[in-house]
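Content type mmCIF, N, CA and C atoms, from the file upload.cif:
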data_input
#
loop_
_atom_site.label_atom_id
_atom_site.label_comp_id
_atom_site.auth_asym_id
_atom_site.auth_seq_id
_atom_site.Cartn_x
_atom_site.Cartn_y
_atom_site.Cartn_z
N MET A 30 12.78 -15.63 -4.41
CA MET A 30 11.50 -15.83 -3.77
C MET A 30 10.41 -15.08 -4.53
N ALA A 31 9.27 -15.70 -4.66
CA ALA A 31 8.17 -15.13 -5.41
C ALA A 31 7.63 -13.86 -4.76
N THR A 32 7.65 -13.81 -3.43
CA THR A 32 7.13 -12.63 -2.73
C THR A 32 7.96 -11.40 -3.05
N THR A 33 9.29 -11.56 -3.11
CA THR A 33 10.16 -10.43 -3.43
C THR A 33 9.88 -9.93 -4.85
N ALA A 34 9.68 -10.85 -5.79
CA ALA A 34 9.36 -10.46 -7.16
C ALA A 34 8.03 -9.72 -7.21
N LEU A 35 7.06 -10.19 -6.43
CA LEU A 35 5.77 -9.53 -6.38
C LEU A 35 5.91 -8.14 -5.78
N ALA A 36 6.69 -8.01 -4.73
CA ALA A 36 6.91 -6.70 -4.10
C ALA A 36 7.55 -5.74 -5.08
N SER A 37 8.54 -6.21 -5.84
CA SER A 37 9.19 -5.35 -6.83
C SER A 37 8.21 -4.91 -7.89
N THR A 38 7.35 -5.80 -8.33
CA THR A 38 6.36 -5.47 -9.35
C THR A 38 5.39 -4.43 -8.82
N ILE A 39 4.90 -4.63 -7.60
CA ILE A 39 3.93 -3.69 -7.04
C ILE A 39 4.55 -2.33 -6.81
N THR A 40 5.72 -2.27 -6.19
CA THR A 40 6.32 -0.98 -5.88
C THR A 40 6.76 -0.26 -7.14
N ALA A 41 7.13 -0.98 -8.19
CA ALA A 41 7.56 -0.34 -9.43
C ALA A 41 6.38 0.17 -10.24
N SER A 42 5.21 -0.46 -10.09
CA SER A 42 4.09 -0.11 -10.95
C SER A 42 3.11 0.88 -10.32
N THR A 43 3.33 1.26 -9.08
CA THR A 43 2.32 2.10 -8.42
C THR A 43 2.69 3.56 -8.36
N GLY A 44 3.72 3.98 -9.05
CA GLY A 44 4.01 5.40 -9.16
C GLY A 44 5.15 5.86 -8.27
N PRO A 45 5.53 7.12 -8.44
CA PRO A 45 6.71 7.64 -7.77
C PRO A 45 6.61 7.67 -6.26
N SER A 46 5.43 7.91 -5.70
CA SER A 46 5.33 7.96 -4.25
C SER A 46 5.42 6.57 -3.63
N TRP A 47 5.26 5.52 -4.44
CA TRP A 47 5.33 4.15 -3.94
C TRP A 47 6.58 3.44 -4.45
N GLY A 48 7.51 4.17 -5.07
CA GLY A 48 8.65 3.55 -5.71
C GLY A 48 9.71 2.99 -4.80
N ARG A 49 9.68 3.31 -3.52
CA ARG A 49 10.74 2.80 -2.65
C ARG A 49 10.35 1.42 -2.13
N PRO A 50 11.30 0.48 -2.20
CA PRO A 50 11.00 -0.88 -1.75
C PRO A 50 10.87 -0.92 -0.23
N THR A 51 9.92 -1.70 0.25
CA THR A 51 9.72 -1.84 1.69
C THR A 51 9.95 -3.26 2.16
N VAL A 52 10.23 -4.17 1.25
CA VAL A 52 10.44 -5.56 1.60
C VAL A 52 11.93 -5.86 1.54
N ALA A 53 12.52 -6.26 2.66
CA ALA A 53 13.94 -6.57 2.71
C ALA A 53 14.18 -7.98 2.19
N ALA A 54 15.14 -8.11 1.30
CA ALA A 54 15.41 -9.40 0.66
C ALA A 54 15.93 -10.43 1.66
N GLY A 55 16.53 -10.01 2.76
CA GLY A 55 17.09 -10.95 3.73
C GLY A 55 16.06 -11.55 4.69
N ASP A 56 14.87 -10.97 4.75
CA ASP A 56 13.84 -11.47 5.67
C ASP A 56 13.31 -12.82 5.20
N ASP A 57 12.75 -13.59 6.15
CA ASP A 57 12.13 -14.83 5.75
C ASP A 57 10.82 -14.54 5.00
N GLU A 58 10.27 -15.55 4.39
CA GLU A 58 9.13 -15.35 3.49
C GLU A 58 7.91 -14.78 4.21
N ARG A 59 7.64 -15.21 5.43
CA ARG A 59 6.47 -14.70 6.16
C ARG A 59 6.65 -13.21 6.49
N GLU A 60 7.87 -12.80 6.86
CA GLU A 60 8.12 -11.39 7.15
C GLU A 60 7.99 -10.55 5.88
N GLN A 61 8.43 -11.08 4.75
CA GLN A 61 8.25 -10.38 3.49
C GLN A 61 6.78 -10.24 3.15
N LEU A 62 6.02 -11.30 3.40
CA LEU A 62 4.58 -11.27 3.14
C LEU A 62 3.90 -10.24 4.03
N LYS A 63 4.30 -10.16 5.30
CA LYS A 63 3.73 -9.16 6.21
C LYS A 63 4.02 -7.74 5.73
N ALA A 64 5.28 -7.50 5.32
CA ALA A 64 5.66 -6.17 4.84
C ALA A 64 4.88 -5.81 3.57
N LEU A 65 4.73 -6.75 2.68
CA LEU A 65 3.99 -6.52 1.44
C LEU A 65 2.51 -6.28 1.72
N ALA A 66 1.95 -7.02 2.66
CA ALA A 66 0.54 -6.83 3.02
C ALA A 66 0.32 -5.46 3.65
N LYS A 67 1.25 -4.98 4.47
CA LYS A 67 1.14 -3.64 5.05
C LYS A 67 1.23 -2.58 3.96
N GLU A 68 2.08 -2.80 2.96
CA GLU A 68 2.19 -1.86 1.84
C GLU A 68 0.88 -1.84 1.05
N PHE A 69 0.27 -3.00 0.85
CA PHE A 69 -1.02 -3.06 0.17
C PHE A 69 -2.09 -2.32 0.97
N GLU A 70 -2.08 -2.50 2.28
CA GLU A 70 -3.03 -1.82 3.15
C GLU A 70 -2.88 -0.30 3.02
N ALA A 71 -1.64 0.17 2.98
CA ALA A 71 -1.38 1.60 2.81
C ALA A 71 -1.87 2.08 1.45
N TYR A 72 -1.64 1.28 0.41
CA TYR A 72 -2.11 1.64 -0.93
C TYR A 72 -3.63 1.69 -0.98
N PHE A 73 -4.27 0.74 -0.31
CA PHE A 73 -5.73 0.72 -0.22
C PHE A 73 -6.24 2.00 0.44
N LEU A 74 -5.60 2.42 1.51
CA LEU A 74 -5.98 3.66 2.19
C LEU A 74 -5.78 4.88 1.29
N GLN A 75 -4.69 4.87 0.52
CA GLN A 75 -4.44 5.99 -0.39
C GLN A 75 -5.55 6.09 -1.43
N GLU A 76 -5.95 4.96 -1.99
CA GLU A 76 -7.03 4.97 -2.97
C GLU A 76 -8.35 5.42 -2.33
N PHE A 77 -8.57 5.03 -1.09
CA PHE A 77 -9.75 5.46 -0.36
C PHE A 77 -9.76 6.98 -0.22
N LEU A 78 -8.61 7.54 0.17
CA LEU A 78 -8.51 9.00 0.30
C LEU A 78 -8.70 9.70 -1.04
N LYS A 79 -8.12 9.13 -2.10
CA LYS A 79 -8.25 9.72 -3.42
C LYS A 79 -9.72 9.77 -3.85
N GLN A 80 -10.44 8.69 -3.61
CA GLN A 80 -11.86 8.67 -3.98
C GLN A 80 -12.68 9.63 -3.12
N ALA A 81 -12.33 9.74 -1.85
CA ALA A 81 -13.03 10.67 -0.98
C ALA A 81 -12.81 12.11 -1.44
N ARG A 82 -11.59 12.43 -1.85
CA ARG A 82 -11.31 13.79 -2.32
C ARG A 82 -11.96 14.06 -3.67
N ALA A 83 -12.13 13.03 -4.48
CA ALA A 83 -12.75 13.21 -5.80
C ALA A 83 -14.24 13.52 -5.69
N SER A 84 -14.83 13.24 -4.55
CA SER A 84 -16.27 13.47 -4.40
C SER A 84 -16.61 14.86 -3.90
N GLU A 85 -15.67 15.81 -3.98
CA GLU A 85 -15.94 17.18 -3.57
C GLU A 85 -17.08 17.75 -4.39
N LEU A 86 -17.92 18.53 -3.75
CA LEU A 86 -19.08 19.10 -4.43
C LEU A 86 -18.80 20.45 -5.08
N ALA A 87 -17.76 21.13 -4.64
CA ALA A 87 -17.44 22.45 -5.20
C ALA A 87 -15.94 22.58 -5.39
N ASP A 88 -15.55 23.46 -6.29
CA ASP A 88 -14.12 23.71 -6.50
C ASP A 88 -13.57 24.55 -5.36
N GLY A 89 -12.34 24.24 -4.97
CA GLY A 89 -11.69 25.00 -3.92
C GLY A 89 -10.98 26.22 -4.49
N LEU A 90 -10.56 27.10 -3.64
CA LEU A 90 -9.85 28.31 -4.07
C LEU A 90 -8.48 28.00 -4.65
N LEU A 91 -7.83 26.98 -4.13
CA LEU A 91 -6.45 26.70 -4.53
C LEU A 91 -6.32 25.46 -5.41
N ASP A 92 -7.36 25.11 -6.14
CA ASP A 92 -7.32 23.94 -7.00
C ASP A 92 -6.43 24.19 -8.22
N SER A 93 -5.49 23.27 -8.44
CA SER A 93 -4.64 23.30 -9.63
C SER A 93 -4.03 21.91 -9.79
N SER A 94 -3.41 21.67 -10.92
CA SER A 94 -2.79 20.36 -11.13
C SER A 94 -1.60 20.17 -10.19
N ALA A 95 -0.89 21.25 -9.87
CA ALA A 95 0.24 21.16 -8.93
C ALA A 95 -0.27 20.81 -7.54
N ALA A 96 -1.35 21.46 -7.13
CA ALA A 96 -1.92 21.17 -5.81
C ALA A 96 -2.41 19.73 -5.75
N ASP A 97 -2.99 19.25 -6.86
CA ASP A 97 -3.44 17.86 -6.90
C ASP A 97 -2.27 16.90 -6.75
N GLY A 98 -1.15 17.21 -7.39
CA GLY A 98 0.04 16.37 -7.27
C GLY A 98 0.56 16.30 -5.85
N PHE A 99 0.65 17.46 -5.22
CA PHE A 99 1.11 17.49 -3.83
C PHE A 99 0.12 16.82 -2.90
N GLN A 100 -1.16 16.97 -3.19
CA GLN A 100 -2.19 16.32 -2.37
C GLN A 100 -2.06 14.80 -2.48
N GLY A 101 -1.78 14.32 -3.69
CA GLY A 101 -1.58 12.89 -3.88
C GLY A 101 -0.39 12.36 -3.11
N MET A 102 0.72 13.12 -3.14
CA MET A 102 1.90 12.70 -2.38
C MET A 102 1.62 12.71 -0.88
N MET A 103 0.90 13.72 -0.43
CA MET A 103 0.57 13.80 0.99
C MET A 103 -0.36 12.66 1.39
N ASP A 104 -1.32 12.34 0.54
CA ASP A 104 -2.21 11.22 0.83
C ASP A 104 -1.42 9.92 0.94
N GLY A 105 -0.40 9.76 0.09
CA GLY A 105 0.43 8.56 0.17
C GLY A 105 1.16 8.46 1.50
N GLU A 106 1.71 9.56 1.95
CA GLU A 106 2.43 9.55 3.23
C GLU A 106 1.46 9.36 4.40
N ILE A 107 0.30 9.99 4.33
CA ILE A 107 -0.71 9.80 5.38
C ILE A 107 -1.14 8.33 5.42
N SER A 108 -1.32 7.73 4.26
CA SER A 108 -1.74 6.33 4.18
C SER A 108 -0.71 5.41 4.81
N ARG A 109 0.57 5.63 4.50
CA ARG A 109 1.62 4.81 5.10
C ARG A 109 1.65 4.97 6.61
N SER A 110 1.54 6.21 7.06
CA SER A 110 1.58 6.50 8.49
C SER A 110 0.41 5.84 9.22
N VAL A 111 -0.78 5.97 8.66
CA VAL A 111 -1.96 5.37 9.27
C VAL A 111 -1.84 3.85 9.26
N SER A 112 -1.36 3.28 8.17
CA SER A 112 -1.22 1.84 8.06
C SER A 112 -0.25 1.29 9.11
N ARG A 113 0.82 2.05 9.40
CA ARG A 113 1.77 1.61 10.42
C ARG A 113 1.20 1.76 11.83
N GLY A 114 0.38 2.79 12.06
CA GLY A 114 -0.06 3.10 13.41
C GLY A 114 -1.42 2.54 13.80
N VAL A 115 -2.27 2.27 12.81
CA VAL A 115 -3.62 1.81 13.10
C VAL A 115 -3.79 0.41 12.50
N ASP A 116 -4.30 -0.50 13.30
CA ASP A 116 -4.50 -1.86 12.83
C ASP A 116 -5.89 -1.99 12.21
N LEU A 117 -5.94 -1.95 10.88
CA LEU A 117 -7.21 -2.09 10.17
C LEU A 117 -7.58 -3.56 9.97
N GLY A 118 -6.61 -4.44 10.05
CA GLY A 118 -6.87 -5.86 9.89
C GLY A 118 -6.75 -6.37 8.47
N ILE A 119 -6.59 -5.48 7.51
CA ILE A 119 -6.49 -5.90 6.10
C ILE A 119 -5.21 -6.70 5.89
N ALA A 120 -4.09 -6.16 6.37
CA ALA A 120 -2.80 -6.83 6.18
C ALA A 120 -2.78 -8.19 6.88
N GLU A 121 -3.27 -8.25 8.10
CA GLU A 121 -3.27 -9.52 8.84
C GLU A 121 -4.14 -10.56 8.16
N ALA A 122 -5.30 -10.14 7.65
CA ALA A 122 -6.18 -11.07 6.94
C ALA A 122 -5.51 -11.60 5.67
N MET A 123 -4.80 -10.72 4.96
CA MET A 123 -4.11 -11.15 3.75
C MET A 123 -3.02 -12.16 4.09
N VAL A 124 -2.23 -11.88 5.12
CA VAL A 124 -1.14 -12.79 5.50
C VAL A 124 -1.70 -14.15 5.88
N GLU A 125 -2.74 -14.16 6.70
CA GLU A 125 -3.33 -15.43 7.13
C GLU A 125 -3.90 -16.21 5.95
N GLN A 126 -4.61 -15.52 5.06
CA GLN A 126 -5.22 -16.20 3.91
C GLN A 126 -4.15 -16.74 2.97
N LEU A 127 -3.13 -15.94 2.68
CA LEU A 127 -2.09 -16.39 1.75
C LEU A 127 -1.22 -17.47 2.36
N THR A 128 -0.96 -17.39 3.66
CA THR A 128 -0.18 -18.43 4.34
C THR A 128 -0.96 -19.74 4.35
N PHE A 129 -2.26 -19.67 4.63
CA PHE A 129 -3.11 -20.85 4.64
C PHE A 129 -3.15 -21.51 3.27
N ARG A 130 -3.34 -20.68 2.23
CA ARG A 130 -3.40 -21.24 0.87
C ARG A 130 -2.08 -21.84 0.45
N ARG A 131 -0.98 -21.18 0.81
CA ARG A 131 0.34 -21.69 0.43
C ARG A 131 0.60 -23.04 1.12
N GLY A 132 0.22 -23.16 2.38
CA GLY A 132 0.39 -24.42 3.11
C GLY A 132 -0.50 -25.51 2.56
N LYS A 133 -1.69 -25.14 2.11
CA LYS A 133 -2.65 -26.09 1.57
C LYS A 133 -2.21 -26.65 0.23
N THR A 134 -1.52 -25.83 -0.59
CA THR A 134 -1.07 -26.29 -1.90
C THR A 134 0.29 -26.95 -1.85
N GLY A 135 0.91 -26.96 -0.67
CA GLY A 135 2.20 -27.63 -0.54
C GLY A 135 3.38 -26.80 -0.92
N GLY A 136 3.21 -25.45 -1.10
CA GLY A 136 4.31 -24.60 -1.53
C GLY A 136 5.04 -23.98 -0.47
#
Hey, can you dump this file as structure tokens for me?
Amino acid sequence: MATTALASTITASTGPSWGRPTVAAGDDEREQLKALAKEFEAYFLQEFLKQARASELADGLLDSSAADGFQGMMDGEISRSVSRGVDLGIAEAMVEQLTFRRGKTGG
């Protein structure tokens, strides 16, 4: 299935905190699409947090490359948690749009 290949590509290319697969190969295509859309929503939130943190006006007391790495991992986990618990509508809009387009093209 193309969705599974896309999920593997996304999870493999987005770094160590995103390296675990979240799409089960046994699910039907719509369920795989929903899982992938939720993962995208979480990634979107992580990038949002990263940009918000980059706009700091002053250096903190504990700034270091190690702290930045841990902050990035924490942002990833916060993003996944928020994406599972809060309905932002991004994932649902993606599923509806992609399902509509797939049905329209006959695939």
Task: Selection under test: the PyMOL selection byres ((chain A and resi 93-110) around 6.5); residues as a ChimeraX atom specification - done: /A:46,70-72,74-75,91-92,111-115
Writing out the chosen residues with N, CA and C atoms as a compact mmCIF listing (two decimals), in the coordinates of the input:
# COMPACT_ATOMS: atom_id res chain seq x y z
N SER A 46 5.43 7.91 -5.70
CA SER A 46 5.33 7.96 -4.25
C SER A 46 5.42 6.57 -3.63
N GLU A 70 -2.08 -2.50 2.28
CA GLU A 70 -3.03 -1.82 3.15
C GLU A 70 -2.88 -0.30 3.02
N ALA A 71 -1.64 0.17 2.98
CA ALA A 71 -1.38 1.60 2.81
C ALA A 71 -1.87 2.08 1.45
N TYR A 72 -1.64 1.28 0.41
CA TYR A 72 -2.11 1.64 -0.93
C TYR A 72 -3.63 1.69 -0.98
N LEU A 74 -5.60 2.42 1.51
CA LEU A 74 -5.98 3.66 2.19
C LEU A 74 -5.78 4.88 1.29
N GLN A 75 -4.69 4.87 0.52
CA GLN A 75 -4.44 5.99 -0.39
C GLN A 75 -5.55 6.09 -1.43
N LEU A 91 -7.83 26.98 -4.13
CA LEU A 91 -6.45 26.70 -4.53
C LEU A 91 -6.32 25.46 -5.41
N ASP A 92 -7.36 25.11 -6.14
CA ASP A 92 -7.32 23.94 -7.00
C ASP A 92 -6.43 24.19 -8.22
N VAL A 111 -0.78 5.97 8.66
CA VAL A 111 -1.96 5.37 9.27
C VAL A 111 -1.84 3.85 9.26
N SER A 112 -1.36 3.28 8.17
CA SER A 112 -1.22 1.84 8.06
C SER A 112 -0.25 1.29 9.11
N ARG A 113 0.82 2.05 9.40
CA ARG A 113 1.77 1.61 10.42
C ARG A 113 1.20 1.76 11.83
N GLY A 114 0.38 2.79 12.06
CA GLY A 114 -0.06 3.10 13.41
C GLY A 114 -1.42 2.54 13.80
N VAL A 115 -2.27 2.27 12.81
CA VAL A 115 -3.62 1.81 13.10
C VAL A 115 -3.79 0.41 12.50
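In terms of minimum interatomic distance to A:Leu65, A:Ala120 ranks closest within A:Ala120, A:Ala83, A:Leu78, A:Leu127, counting all atoms listed in the file.
If only C-alpha atoms are the atoms counted, then among A:Gly132, A:Phe77, A:Met123, A:Arg82 the closest residue to A:Lys63 is A:Met123.
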Open item on the list: Between atom N of A:Arg130 and atom CA of A:Ala66, what is the distance in Å, rounded to a tenth?
Closed with: 14.4 Å
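You will find atom N of A:Phe69 at 26.3 Å from atom CA of A:Glu85.
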Task: Atom pair atom C of A:Asp116 / atom CA of A:Phe73: separation (Å) - done: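 Taking atom C of A:Asp116 and atom CA of A:Phe73, their separation equals 12.7 Å.
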